[in-house]
file protein13.txt (compact mmCIF, N, CA, C and O atoms)
# COMPACT_ATOMS: atom_id res chain seq x y z
N LEU A 1 -20.45 -1.86 -5.96
CA LEU A 1 -19.51 -0.81 -6.32
C LEU A 1 -19.14 -0.92 -7.79
O LEU A 1 -18.93 -2.01 -8.30
N LYS A 2 -19.04 0.22 -8.42
CA LYS A 2 -18.57 0.24 -9.79
C LYS A 2 -17.05 0.11 -9.79
O LYS A 2 -16.38 0.71 -8.96
N PRO A 3 -16.50 -0.68 -10.71
CA PRO A 3 -15.05 -0.85 -10.75
C PRO A 3 -14.28 0.44 -10.94
O PRO A 3 -13.14 0.55 -10.56
N ASP A 4 -14.91 1.47 -11.52
CA ASP A 4 -14.21 2.72 -11.77
C ASP A 4 -14.40 3.73 -10.63
O ASP A 4 -13.95 4.85 -10.73
N ASP A 5 -15.03 3.35 -9.56
CA ASP A 5 -15.26 4.25 -8.43
C ASP A 5 -14.05 4.20 -7.49
O ASP A 5 -13.97 3.39 -6.58
N THR A 6 -13.11 5.08 -7.73
CA THR A 6 -11.83 5.07 -7.03
C THR A 6 -11.99 5.21 -5.51
O THR A 6 -11.39 4.45 -4.76
N ILE A 7 -12.78 6.15 -5.07
CA ILE A 7 -12.95 6.37 -3.63
C ILE A 7 -13.59 5.16 -2.98
O ILE A 7 -13.15 4.70 -1.92
N ALA A 8 -14.61 4.60 -3.60
CA ALA A 8 -15.28 3.43 -3.03
C ALA A 8 -14.33 2.24 -2.97
O ALA A 8 -14.30 1.50 -1.98
N ASN A 9 -13.53 2.04 -4.02
CA ASN A 9 -12.58 0.93 -4.01
C ASN A 9 -11.49 1.14 -2.97
O ASN A 9 -11.04 0.18 -2.32
N PHE A 10 -11.05 2.38 -2.80
CA PHE A 10 -10.07 2.68 -1.76
C PHE A 10 -10.65 2.34 -0.38
O PHE A 10 -10.00 1.67 0.43
N ASN A 11 -11.87 2.78 -0.14
CA ASN A 11 -12.52 2.49 1.14
C ASN A 11 -12.75 0.99 1.33
O ASN A 11 -12.60 0.47 2.44
N LYS A 12 -13.10 0.32 0.26
CA LYS A 12 -13.29 -1.13 0.33
C LYS A 12 -11.97 -1.82 0.69
O LYS A 12 -11.94 -2.74 1.49
N GLY A 13 -10.87 -1.34 0.12
CA GLY A 13 -9.56 -1.87 0.49
C GLY A 13 -9.28 -1.67 1.97
O GLY A 13 -8.79 -2.58 2.65
N ASN A 14 -9.62 -0.50 2.48
CA ASN A 14 -9.42 -0.23 3.91
C ASN A 14 -10.26 -1.19 4.77
O ASN A 14 -9.78 -1.69 5.79
N ILE A 15 -11.48 -1.44 4.34
CA ILE A 15 -12.36 -2.34 5.10
C ILE A 15 -11.80 -3.76 5.08
O ILE A 15 -11.74 -4.42 6.13
N TYR A 16 -11.37 -4.23 3.92
CA TYR A 16 -10.76 -5.57 3.86
C TYR A 16 -9.53 -5.64 4.78
O TYR A 16 -9.31 -6.64 5.46
N ASP A 17 -8.76 -4.58 4.80
CA ASP A 17 -7.56 -4.55 5.65
C ASP A 17 -7.96 -4.65 7.12
O ASP A 17 -7.39 -5.43 7.88
N ILE A 18 -8.95 -3.89 7.52
CA ILE A 18 -9.43 -3.91 8.91
C ILE A 18 -9.96 -5.30 9.27
O ILE A 18 -9.77 -5.77 10.39
N LEU A 19 -10.61 -5.96 8.31
CA LEU A 19 -11.17 -7.29 8.55
C LEU A 19 -10.12 -8.40 8.52
O LEU A 19 -10.45 -9.57 8.67
N GLY A 20 -8.86 -8.01 8.31
CA GLY A 20 -7.80 -9.01 8.29
C GLY A 20 -7.73 -9.80 7.00
O GLY A 20 -7.30 -10.95 6.98
N LYS A 21 -8.12 -9.16 5.89
CA LYS A 21 -8.08 -9.80 4.57
C LYS A 21 -7.15 -9.00 3.66
O LYS A 21 -7.59 -8.34 2.71
N PRO A 22 -5.83 -9.05 3.95
CA PRO A 22 -4.90 -8.20 3.19
C PRO A 22 -4.83 -8.53 1.71
O PRO A 22 -4.59 -7.64 0.90
N ASP A 23 -5.03 -9.80 1.32
CA ASP A 23 -5.00 -10.12 -0.11
C ASP A 23 -6.13 -9.41 -0.86
O ASP A 23 -5.93 -8.90 -1.95
N SER A 24 -7.31 -9.40 -0.25
CA SER A 24 -8.43 -8.68 -0.86
C SER A 24 -8.19 -7.18 -0.86
O SER A 24 -8.57 -6.49 -1.81
N ALA A 25 -7.55 -6.69 0.19
CA ALA A 25 -7.21 -5.27 0.25
C ALA A 25 -6.26 -4.91 -0.88
O ALA A 25 -6.44 -3.88 -1.55
N VAL A 26 -5.24 -5.74 -1.10
CA VAL A 26 -4.28 -5.49 -2.18
C VAL A 26 -5.01 -5.37 -3.51
O VAL A 26 -4.74 -4.46 -4.31
N TYR A 27 -5.95 -6.27 -3.77
CA TYR A 27 -6.70 -6.22 -5.02
C TYR A 27 -7.42 -4.88 -5.18
O TYR A 27 -7.40 -4.27 -6.26
N GLN A 28 -8.06 -4.43 -4.12
CA GLN A 28 -8.78 -3.15 -4.20
C GLN A 28 -7.82 -1.99 -4.42
O GLN A 28 -8.09 -1.11 -5.23
N TYR A 29 -6.70 -1.99 -3.71
CA TYR A 29 -5.72 -0.93 -3.91
C TYR A 29 -5.13 -0.98 -5.32
O TYR A 29 -4.83 0.07 -5.90
N ASP A 30 -5.00 -2.18 -5.88
CA ASP A 30 -4.55 -2.30 -7.28
C ASP A 30 -5.48 -1.54 -8.22
O ASP A 30 -5.02 -0.83 -9.12
N THR A 31 -6.78 -1.70 -8.00
CA THR A 31 -7.74 -1.02 -8.87
C THR A 31 -7.66 0.49 -8.70
O THR A 31 -7.81 1.23 -9.66
N VAL A 32 -7.44 0.93 -7.47
CA VAL A 32 -7.31 2.37 -7.20
C VAL A 32 -6.07 2.93 -7.90
O VAL A 32 -6.14 3.97 -8.56
N ILE A 33 -4.95 2.23 -7.75
CA ILE A 33 -3.69 2.70 -8.35
C ILE A 33 -3.78 2.71 -9.88
O ILE A 33 -3.25 3.60 -10.53
N PHE A 34 -4.49 1.73 -10.44
CA PHE A 34 -4.68 1.70 -11.88
C PHE A 34 -5.42 2.96 -12.35
O PHE A 34 -5.08 3.56 -13.37
N LYS A 35 -6.43 3.37 -11.59
CA LYS A 35 -7.23 4.54 -11.96
C LYS A 35 -6.56 5.86 -11.57
O LYS A 35 -6.75 6.87 -12.25
N ASP A 36 -5.82 5.86 -10.46
CA ASP A 36 -5.21 7.08 -9.97
C ASP A 36 -3.79 6.78 -9.50
O ASP A 36 -3.53 6.63 -8.29
N PRO A 37 -2.84 6.66 -10.43
CA PRO A 37 -1.49 6.26 -10.08
C PRO A 37 -0.69 7.28 -9.28
O PRO A 37 0.44 7.01 -8.90
N LYS A 38 -1.28 8.41 -8.98
CA LYS A 38 -0.59 9.43 -8.18
C LYS A 38 -1.13 9.53 -6.76
O LYS A 38 -0.76 10.43 -6.02
N LEU A 39 -1.98 8.59 -6.38
CA LEU A 39 -2.57 8.60 -5.03
C LEU A 39 -1.61 7.90 -4.06
O LEU A 39 -1.60 6.67 -3.93
N ALA A 40 -0.82 8.70 -3.38
CA ALA A 40 0.22 8.17 -2.48
C ALA A 40 -0.35 7.26 -1.41
O ALA A 40 0.25 6.24 -1.07
N LYS A 41 -1.49 7.61 -0.86
CA LYS A 41 -2.08 6.82 0.24
C LYS A 41 -2.43 5.41 -0.23
O LYS A 41 -2.36 4.46 0.55
N ALA A 42 -2.77 5.23 -1.49
CA ALA A 42 -3.06 3.89 -2.00
C ALA A 42 -1.80 3.03 -2.01
O ALA A 42 -1.84 1.85 -1.66
N TYR A 43 -0.67 3.63 -2.39
CA TYR A 43 0.61 2.90 -2.35
C TYR A 43 0.99 2.58 -0.90
O TYR A 43 1.46 1.49 -0.60
N TYR A 44 0.79 3.54 -0.03
CA TYR A 44 1.08 3.36 1.39
C TYR A 44 0.27 2.19 1.94
O TYR A 44 0.82 1.26 2.56
N ASN A 45 -1.03 2.22 1.70
CA ASN A 45 -1.91 1.17 2.24
C ASN A 45 -1.63 -0.18 1.60
O ASN A 45 -1.64 -1.21 2.28
N ARG A 46 -1.39 -0.19 0.28
CA ARG A 46 -1.09 -1.46 -0.37
C ARG A 46 0.24 -2.02 0.15
O ARG A 46 0.36 -3.23 0.37
N GLY A 47 1.21 -1.14 0.38
CA GLY A 47 2.47 -1.58 0.94
C GLY A 47 2.28 -2.22 2.30
O GLY A 47 2.88 -3.26 2.61
N ALA A 48 1.42 -1.63 3.13
CA ALA A 48 1.15 -2.21 4.45
C ALA A 48 0.46 -3.56 4.32
O ALA A 48 0.77 -4.50 5.07
N ALA A 49 -0.44 -3.69 3.37
CA ALA A 49 -1.11 -4.98 3.14
C ALA A 49 -0.10 -6.01 2.64
O ALA A 49 -0.12 -7.17 3.07
N PHE A 50 0.77 -5.62 1.72
CA PHE A 50 1.82 -6.53 1.26
C PHE A 50 2.70 -6.99 2.43
O PHE A 50 3.07 -8.16 2.51
N GLU A 51 3.00 -6.07 3.31
CA GLU A 51 3.83 -6.42 4.47
C GLU A 51 3.14 -7.50 5.31
O GLU A 51 3.78 -8.43 5.78
N ARG A 52 1.84 -7.37 5.49
CA ARG A 52 1.09 -8.34 6.30
C ARG A 52 1.07 -9.74 5.68
O ARG A 52 0.94 -10.73 6.40
N VAL A 53 1.18 -9.82 4.36
CA VAL A 53 1.21 -11.15 3.71
C VAL A 53 2.64 -11.55 3.36
O VAL A 53 2.86 -12.45 2.56
N GLU A 54 3.59 -10.87 3.99
CA GLU A 54 5.01 -11.19 3.88
C GLU A 54 5.56 -11.07 2.45
O GLU A 54 6.48 -11.79 2.07
N LYS A 55 5.01 -10.15 1.69
CA LYS A 55 5.55 -9.82 0.37
C LYS A 55 6.36 -8.53 0.54
O LYS A 55 5.94 -7.44 0.19
N TYR A 56 7.55 -8.71 1.14
CA TYR A 56 8.33 -7.57 1.58
C TYR A 56 8.90 -6.75 0.45
O TYR A 56 8.97 -5.52 0.56
N ASP A 57 9.32 -7.38 -0.64
CA ASP A 57 9.84 -6.61 -1.78
C ASP A 57 8.77 -5.69 -2.34
O ASP A 57 9.03 -4.52 -2.65
N GLU A 58 7.56 -6.22 -2.48
CA GLU A 58 6.45 -5.41 -2.99
C GLU A 58 6.11 -4.29 -2.02
O GLU A 58 5.81 -3.16 -2.43
N ALA A 59 6.15 -4.59 -0.72
CA ALA A 59 5.87 -3.57 0.30
C ALA A 59 6.88 -2.44 0.19
O ALA A 59 6.50 -1.26 0.19
N ILE A 60 8.14 -2.79 0.09
CA ILE A 60 9.19 -1.77 -0.02
C ILE A 60 8.97 -0.90 -1.26
O ILE A 60 9.05 0.33 -1.19
N GLU A 61 8.68 -1.53 -2.39
CA GLU A 61 8.43 -0.78 -3.62
C GLU A 61 7.29 0.23 -3.44
O GLU A 61 7.39 1.38 -3.87
N ASP A 62 6.22 -0.23 -2.80
CA ASP A 62 5.08 0.67 -2.60
C ASP A 62 5.41 1.78 -1.61
O ASP A 62 5.00 2.93 -1.79
N PHE A 63 6.16 1.47 -0.56
CA PHE A 63 6.53 2.51 0.40
C PHE A 63 7.44 3.55 -0.25
O PHE A 63 7.29 4.76 -0.01
N VAL A 64 8.35 3.12 -1.11
CA VAL A 64 9.22 4.05 -1.82
C VAL A 64 8.37 4.95 -2.73
O VAL A 64 8.55 6.17 -2.76
N LYS A 65 7.44 4.35 -3.45
CA LYS A 65 6.57 5.12 -4.36
C LYS A 65 5.73 6.12 -3.56
O LYS A 65 5.56 7.27 -3.99
N ALA A 66 5.22 5.70 -2.42
CA ALA A 66 4.40 6.60 -1.59
C ALA A 66 5.22 7.82 -1.15
O ALA A 66 4.71 8.94 -1.17
N THR A 67 6.48 7.61 -0.78
CA THR A 67 7.31 8.74 -0.37
C THR A 67 7.66 9.64 -1.54
O THR A 67 7.79 10.85 -1.37
N GLN A 68 7.79 9.07 -2.73
CA GLN A 68 8.05 9.89 -3.92
C GLN A 68 6.86 10.79 -4.23
O GLN A 68 7.02 11.94 -4.61
N LEU A 69 5.67 10.23 -4.06
CA LEU A 69 4.45 10.99 -4.37
C LEU A 69 4.06 11.96 -3.26
O LEU A 69 3.45 12.99 -3.52
N ASN A 70 4.40 11.61 -2.03
CA ASN A 70 4.06 12.47 -0.90
C ASN A 70 5.22 12.48 0.09
O ASN A 70 5.33 11.59 0.93
N PRO A 71 6.09 13.47 0.00
CA PRO A 71 7.26 13.54 0.86
C PRO A 71 6.94 13.58 2.37
O PRO A 71 7.83 13.31 3.17
N GLN A 72 5.71 13.88 2.73
CA GLN A 72 5.35 13.87 4.15
C GLN A 72 5.46 12.48 4.76
O GLN A 72 5.58 12.34 5.97
N TYR A 73 5.41 11.44 3.95
CA TYR A 73 5.55 10.07 4.44
C TYR A 73 7.00 9.67 4.65
O TYR A 73 7.28 8.62 5.21
N LYS A 74 7.94 10.49 4.18
CA LYS A 74 9.34 10.09 4.10
C LYS A 74 9.94 9.63 5.44
O LYS A 74 10.51 8.55 5.51
N ASP A 75 9.81 10.41 6.49
CA ASP A 75 10.42 10.04 7.76
C ASP A 75 9.89 8.71 8.27
O ASP A 75 10.66 7.82 8.65
N GLU A 76 8.59 8.57 8.26
CA GLU A 76 7.97 7.34 8.75
C GLU A 76 8.33 6.13 7.89
O GLU A 76 8.75 5.09 8.40
N LEU A 77 8.19 6.28 6.59
CA LEU A 77 8.39 5.13 5.71
C LEU A 77 9.86 4.80 5.50
O LEU A 77 10.19 3.63 5.28
N ASP A 78 10.74 5.77 5.57
CA ASP A 78 12.16 5.46 5.47
C ASP A 78 12.59 4.50 6.58
O ASP A 78 13.36 3.57 6.35
N LYS A 79 12.06 4.72 7.78
CA LYS A 79 12.36 3.81 8.89
C LYS A 79 11.82 2.41 8.62
O LYS A 79 12.47 1.41 8.88
N LYS A 80 10.61 2.35 8.10
CA LYS A 80 10.00 1.06 7.80
C LYS A 80 10.75 0.35 6.68
O LYS A 80 11.00 -0.86 6.75
N ILE A 81 11.14 1.09 5.66
CA ILE A 81 11.90 0.52 4.55
C ILE A 81 13.24 -0.03 5.05
O ILE A 81 13.64 -1.15 4.70
N ASP A 82 13.92 0.76 5.87
CA ASP A 82 15.19 0.31 6.43
C ASP A 82 15.00 -0.96 7.25
O ASP A 82 15.80 -1.91 7.15
N TYR A 83 13.96 -1.00 8.05
CA TYR A 83 13.67 -2.18 8.88
C TYR A 83 13.42 -3.41 7.99
O TYR A 83 13.98 -4.48 8.23
N LEU A 84 12.60 -3.25 6.98
CA LEU A 84 12.29 -4.38 6.10
C LEU A 84 13.53 -4.84 5.35
O LEU A 84 13.75 -6.05 5.20
N ASN A 85 14.30 -3.92 4.86
CA ASN A 85 15.54 -4.28 4.16
C ASN A 85 16.50 -5.02 5.09
O ASN A 85 17.13 -6.00 4.69
N TYR A 86 16.63 -4.55 6.30
CA TYR A 86 17.56 -5.15 7.26
C TYR A 86 17.07 -6.52 7.73
O TYR A 86 17.84 -7.46 7.84
N THR A 87 15.78 -6.63 7.98
CA THR A 87 15.23 -7.85 8.58
C THR A 87 14.95 -8.95 7.58
O THR A 87 15.15 -10.13 7.88
N TYR A 88 14.50 -8.60 6.38
CA TYR A 88 14.00 -9.62 5.46
C TYR A 88 14.81 -9.77 4.18
O TYR A 88 14.42 -10.50 3.28
N LYS A 89 15.93 -9.09 4.07
CA LYS A 89 16.73 -9.24 2.84
C LYS A 89 18.08 -9.83 3.15
O LYS A 89 18.61 -9.80 4.18
call {"tool": "encode", "arguments": {"input": "protein13.txt", "output": "structure tokens"}}
result
Amino acid sequence: LKPDDTIANFNKGNIYDILGKPDSAVYQYDTVIFKDPKLAKAYYNRGAAFERVEKYDEAIEDFVKATQLNPQYKDELDKKIDYLNYTYK
């Protein structure tokens, strides 16, 4: 994969996530966000990967950013953000 191939890196992040390698998934989503900082789904997915490695502050930041970029995520992610804030802070 070429480092500048946003779609391929996004898909690679998804594959790492499915394989139970959230740290590798985070790296791939980082590259996607660097190239396309308005891709809400990349923040959403990276937030979920951060949550799996217990980086809750980073997960919350990404979930907030995802809702800012795509308000359709708001209902779902607001609940998750509230849960993480209540449980881990």
call {"tool": "residues_around", "arguments": {"input": "protein13.txt", "residues": "stretch 27-37 of chain A", "least_positions_apart": "4", "cutoff": "8 Å", "atoms": "only C-alpha atoms", "output": "NGL selection string"}}
result
:A and (3-4 or 6-7 or 9-10 or 12-13 or 23 or 42-43 or 45-46)
call {"tool": "residues_around", "arguments": {"input": "protein13.txt", "residues": "stretch 83-87 of chain A", "least_positions_apart": "6", "cutoff": "8 Å", "atoms": "only N, CA, C and O atoms", "output": "PDB file with N, CA, C and O atoms, keeping the file's coordinate frame"}}
result
ATOM      1  N   TYR A  56       7.550  -8.710   1.140  1.00  0.00           N
ATOM      2  CA  TYR A  56       8.330  -7.570   1.580  1.00  0.00           C
ATOM      3  C   TYR A  56       8.900  -6.750   0.450  1.00  0.00           C
ATOM      4  O   TYR A  56       8.970  -5.520   0.560  1.00  0.00           O
ATOM      5  N   ASP A  57       9.320  -7.380  -0.640  1.00  0.00           N
ATOM      6  CA  ASP A  57       9.840  -6.610  -1.780  1.00  0.00           C
ATOM      7  C   ASP A  57       8.770  -5.690  -2.340  1.00  0.00           C
ATOM      8  O   ASP A  57       9.030  -4.520  -2.650  1.00  0.00           O
ATOM      9  N   ILE A  60       8.140  -2.790   0.090  1.00  0.00           N
ATOM     10  CA  ILE A  60       9.190  -1.770  -0.020  1.00  0.00           C
ATOM     11  C   ILE A  60       8.970  -0.900  -1.260  1.00  0.00           C
ATOM     12  O   ILE A  60       9.050   0.330  -1.190  1.00  0.00           O
ATOM     13  N   LEU A  77       8.190   6.280   6.590  1.00  0.00           N
ATOM     14  CA  LEU A  77       8.390   5.130   5.710  1.00  0.00           C
ATOM     15  C   LEU A  77       9.860   4.800   5.500  1.00  0.00           C
ATOM     16  O   LEU A  77      10.190   3.630   5.280  1.00  0.00           O
TER      17      LEU A  77
END
call {"tool": "axis_aligned_box", "arguments": {"input": "protein13.txt", "around": "stretch 42-50 of chain A", "padding_each_side": "5 Å", "output": "JSON"}}
result
{"center_x": 0.0, "center_y": -1.5, "center_z": 1.3, "size_x": 16.1, "size_y": 23.4, "size_z": 17.5}
call {"tool": "atom_distance", "arguments": {"input": "protein13.txt", "atom1": "atom CA of A:Asp62", "atom2": "atom CA of A:Ser24"}}
result
16.5 Å
call {"tool": "select_by_dssp", "arguments": {"input": "protein13.txt", "residues": "chain A", "states": "alpha helix (DSSP H)", "output": "ChimeraX atom specification"}}
result
/A:6-18,22-35,40-52,56-69,74-88
call {"tool": "atom_distance", "arguments": {"input": "protein13.txt", "atom1": "atom C of A:Asp78", "atom2": "atom N of A:Val64"}}
result
8.9 Å
call {"tool": "atom_distance", "arguments": {"input": "protein13.txt", "atom1": "atom CA of A:Asp82", "atom2": "atom CA of A:Lys21"}}
result
25.4 Å
call {"tool": "decode", "arguments": {"input": "protein13.txt", "residues": "stretch 67-78 of chain A", "atoms": "all heavy atoms", "output": "PDB file, in the first residue's frame"}}
result
ATOM      1  N   THR A  67     -18.508  13.309  16.046  1.00  0.00           N
ATOM      2  CA  THR A  67     -19.851  13.902  16.094  1.00  0.00           C
ATOM      3  C   THR A  67     -19.861  15.318  15.535  1.00  0.00           C
ATOM      4  O   THR A  67     -20.858  15.736  14.949  1.00  0.00           O
ATOM      5  CB  THR A  67     -20.426  13.911  17.525  1.00  0.00           C
ATOM      6  OG1 THR A  67     -19.602  14.686  18.374  1.00  0.00           O
ATOM      7  CG2 THR A  67     -20.569  12.513  18.073  1.00  0.00           C
ATOM      8  N   GLN A  68     -18.766  16.042  15.705  1.00  0.00           N
ATOM      9  CA  GLN A  68     -18.685  17.388  15.121  1.00  0.00           C
ATOM     10  C   GLN A  68     -18.688  17.324  13.600  1.00  0.00           C
ATOM     11  O   GLN A  68     -19.308  18.155  12.939  1.00  0.00           O
ATOM     12  CB  GLN A  68     -17.428  18.102  15.612  1.00  0.00           C
ATOM     13  CG  GLN A  68     -17.473  18.474  17.071  1.00  0.00           C
ATOM     14  CD  GLN A  68     -16.124  18.958  17.594  1.00  0.00           C
ATOM     15  OE1 GLN A  68     -15.085  18.788  16.965  1.00  0.00           O
ATOM     16  NE2 GLN A  68     -16.147  19.565  18.774  1.00  0.00           N
ATOM     17  N   LEU A  69     -17.985  16.336  13.069  1.00  0.00           N
ATOM     18  CA  LEU A  69     -17.887  16.204  11.613  1.00  0.00           C
ATOM     19  C   LEU A  69     -19.120  15.552  10.994  1.00  0.00           C
ATOM     20  O   LEU A  69     -19.454  15.822   9.844  1.00  0.00           O
ATOM     21  CB  LEU A  69     -16.636  15.396  11.243  1.00  0.00           C
ATOM     22  CG  LEU A  69     -15.313  16.072  11.548  1.00  0.00           C
ATOM     23  CD1 LEU A  69     -14.164  15.080  11.355  1.00  0.00           C
ATOM     24  CD2 LEU A  69     -15.113  17.296  10.670  1.00  0.00           C
ATOM     25  N   ASN A  70     -19.764  14.686  11.754  1.00  0.00           N
ATOM     26  CA  ASN A  70     -20.950  13.999  11.244  1.00  0.00           C
ATOM     27  C   ASN A  70     -21.987  13.905  12.358  1.00  0.00           C
ATOM     28  O   ASN A  70     -21.939  12.985  13.173  1.00  0.00           O
ATOM     29  CB  ASN A  70     -20.597  12.605  10.733  1.00  0.00           C
ATOM     30  CG  ASN A  70     -21.780  11.916  10.085  1.00  0.00           C
ATOM     31  OD1 ASN A  70     -22.920  12.342  10.239  1.00  0.00           O
ATOM     32  ND2 ASN A  70     -21.521  10.834   9.369  1.00  0.00           N
ATOM     33  N   PRO A  71     -22.932  14.826  12.397  1.00  0.00           N
ATOM     34  CA  PRO A  71     -23.932  14.852  13.460  1.00  0.00           C
ATOM     35  C   PRO A  71     -24.789  13.581  13.548  1.00  0.00           C
ATOM     36  O   PRO A  71     -25.424  13.356  14.570  1.00  0.00           O
ATOM     37  CB  PRO A  71     -24.795  16.070  13.109  1.00  0.00           C
ATOM     38  CG  PRO A  71     -23.913  16.940  12.282  1.00  0.00           C
ATOM     39  CD  PRO A  71     -23.021  15.996  11.518  1.00  0.00           C
ATOM     40  N   GLN A  72     -24.790  12.760  12.510  1.00  0.00           N
ATOM     41  CA  GLN A  72     -25.551  11.508  12.578  1.00  0.00           C
ATOM     42  C   GLN A  72     -25.004  10.562  13.646  1.00  0.00           C
ATOM     43  O   GLN A  72     -25.708   9.679  14.107  1.00  0.00           O
ATOM     44  CB  GLN A  72     -25.555  10.807  11.216  1.00  0.00           C
ATOM     45  CG  GLN A  72     -26.360  11.552  10.182  1.00  0.00           C
ATOM     46  CD  GLN A  72     -26.372  10.844   8.841  1.00  0.00           C
ATOM     47  OE1 GLN A  72     -25.594   9.937   8.588  1.00  0.00           O
ATOM     48  NE2 GLN A  72     -27.260  11.280   7.973  1.00  0.00           N
ATOM     49  N   TYR A  73     -23.756  10.734  14.037  1.00  0.00           N
ATOM     50  CA  TYR A  73     -23.166   9.903  15.088  1.00  0.00           C
ATOM     51  C   TYR A  73     -23.531  10.377  16.491  1.00  0.00           C
ATOM     52  O   TYR A  73     -23.256   9.700  17.467  1.00  0.00           O
ATOM     53  CB  TYR A  73     -21.633   9.905  14.982  1.00  0.00           C
ATOM     54  CG  TYR A  73     -21.064   9.232  13.768  1.00  0.00           C
ATOM     55  CD1 TYR A  73     -19.976   9.790  13.100  1.00  0.00           C
ATOM     56  CD2 TYR A  73     -21.571   8.043  13.292  1.00  0.00           C
ATOM     57  CE1 TYR A  73     -19.429   9.181  11.993  1.00  0.00           C
ATOM     58  CE2 TYR A  73     -21.037   7.428  12.175  1.00  0.00           C
ATOM     59  CZ  TYR A  73     -19.961   7.995  11.537  1.00  0.00           C
ATOM     60  OH  TYR A  73     -19.409   7.390  10.436  1.00  0.00           O
ATOM     61  N   LYS A  74     -24.136  11.560  16.599  1.00  0.00           N
ATOM     62  CA  LYS A  74     -24.313  12.219  17.886  1.00  0.00           C
ATOM     63  C   LYS A  74     -25.039  11.371  18.932  1.00  0.00           C
ATOM     64  O   LYS A  74     -24.536  11.201  20.040  1.00  0.00           O
ATOM     65  CB  LYS A  74     -25.022  13.556  17.716  1.00  0.00           C
ATOM     66  CG  LYS A  74     -25.089  14.351  19.006  1.00  0.00           C
ATOM     67  CD  LYS A  74     -25.417  15.778  18.738  1.00  0.00           C
ATOM     68  CE  LYS A  74     -25.538  16.590  19.999  1.00  0.00           C
ATOM     69  NZ  LYS A  74     -24.490  16.423  20.978  1.00  0.00           N
ATOM     70  N   ASP A  75     -26.196  10.835  18.615  1.00  0.00           N
ATOM     71  CA  ASP A  75     -26.954  10.069  19.609  1.00  0.00           C
ATOM     72  C   ASP A  75     -26.160   8.877  20.129  1.00  0.00           C
ATOM     73  O   ASP A  75     -26.058   8.665  21.337  1.00  0.00           O
ATOM     74  CB  ASP A  75     -28.285   9.590  19.031  1.00  0.00           C
ATOM     75  CG  ASP A  75     -29.290  10.722  18.855  1.00  0.00           C
ATOM     76  OD1 ASP A  75     -29.121  11.772  19.512  1.00  0.00           O
ATOM     77  OD2 ASP A  75     -30.221  10.561  18.052  1.00  0.00           O
ATOM     78  N   GLU A  76     -25.598   8.124  19.213  1.00  0.00           N
ATOM     79  CA  GLU A  76     -24.833   6.938  19.597  1.00  0.00           C
ATOM     80  C   GLU A  76     -23.582   7.301  20.402  1.00  0.00           C
ATOM     81  O   GLU A  76     -23.322   6.736  21.466  1.00  0.00           O
ATOM     82  CB  GLU A  76     -24.433   6.147  18.348  1.00  0.00           C
ATOM     83  CG  GLU A  76     -23.530   4.987  18.632  1.00  0.00           C
ATOM     84  CD  GLU A  76     -22.991   4.330  17.370  1.00  0.00           C
ATOM     85  OE1 GLU A  76     -23.419   4.698  16.254  1.00  0.00           O
ATOM     86  OE2 GLU A  76     -22.134   3.452  17.510  1.00  0.00           O
ATOM     87  N   LEU A  77     -22.821   8.245  19.892  1.00  0.00           N
ATOM     88  CA  LEU A  77     -21.541   8.555  20.531  1.00  0.00           C
ATOM     89  C   LEU A  77     -21.693   9.380  21.805  1.00  0.00           C
ATOM     90  O   LEU A  77     -20.867   9.264  22.703  1.00  0.00           O
ATOM     91  CB  LEU A  77     -20.601   9.223  19.542  1.00  0.00           C
ATOM     92  CG  LEU A  77     -20.083   8.287  18.440  1.00  0.00           C
ATOM     93  CD1 LEU A  77     -19.138   9.035  17.510  1.00  0.00           C
ATOM     94  CD2 LEU A  77     -19.401   7.068  19.012  1.00  0.00           C
ATOM     95  N   ASP A  78     -22.729  10.186  21.901  1.00  0.00           N
ATOM     96  CA  ASP A  78     -22.946  10.909  23.153  1.00  0.00           C
ATOM     97  C   ASP A  78     -23.131   9.940  24.314  1.00  0.00           C
ATOM     98  O   ASP A  78     -22.614  10.163  25.409  1.00  0.00           O
ATOM     99  CB  ASP A  78     -24.149  11.847  23.050  1.00  0.00           C
ATOM    100  CG  ASP A  78     -23.824  13.160  22.368  1.00  0.00           C
ATOM    101  OD1 ASP A  78     -22.625  13.425  22.089  1.00  0.00           O
ATOM    102  OD2 ASP A  78     -24.765  13.940  22.120  1.00  0.00           O
TER     103      ASP A  78
END
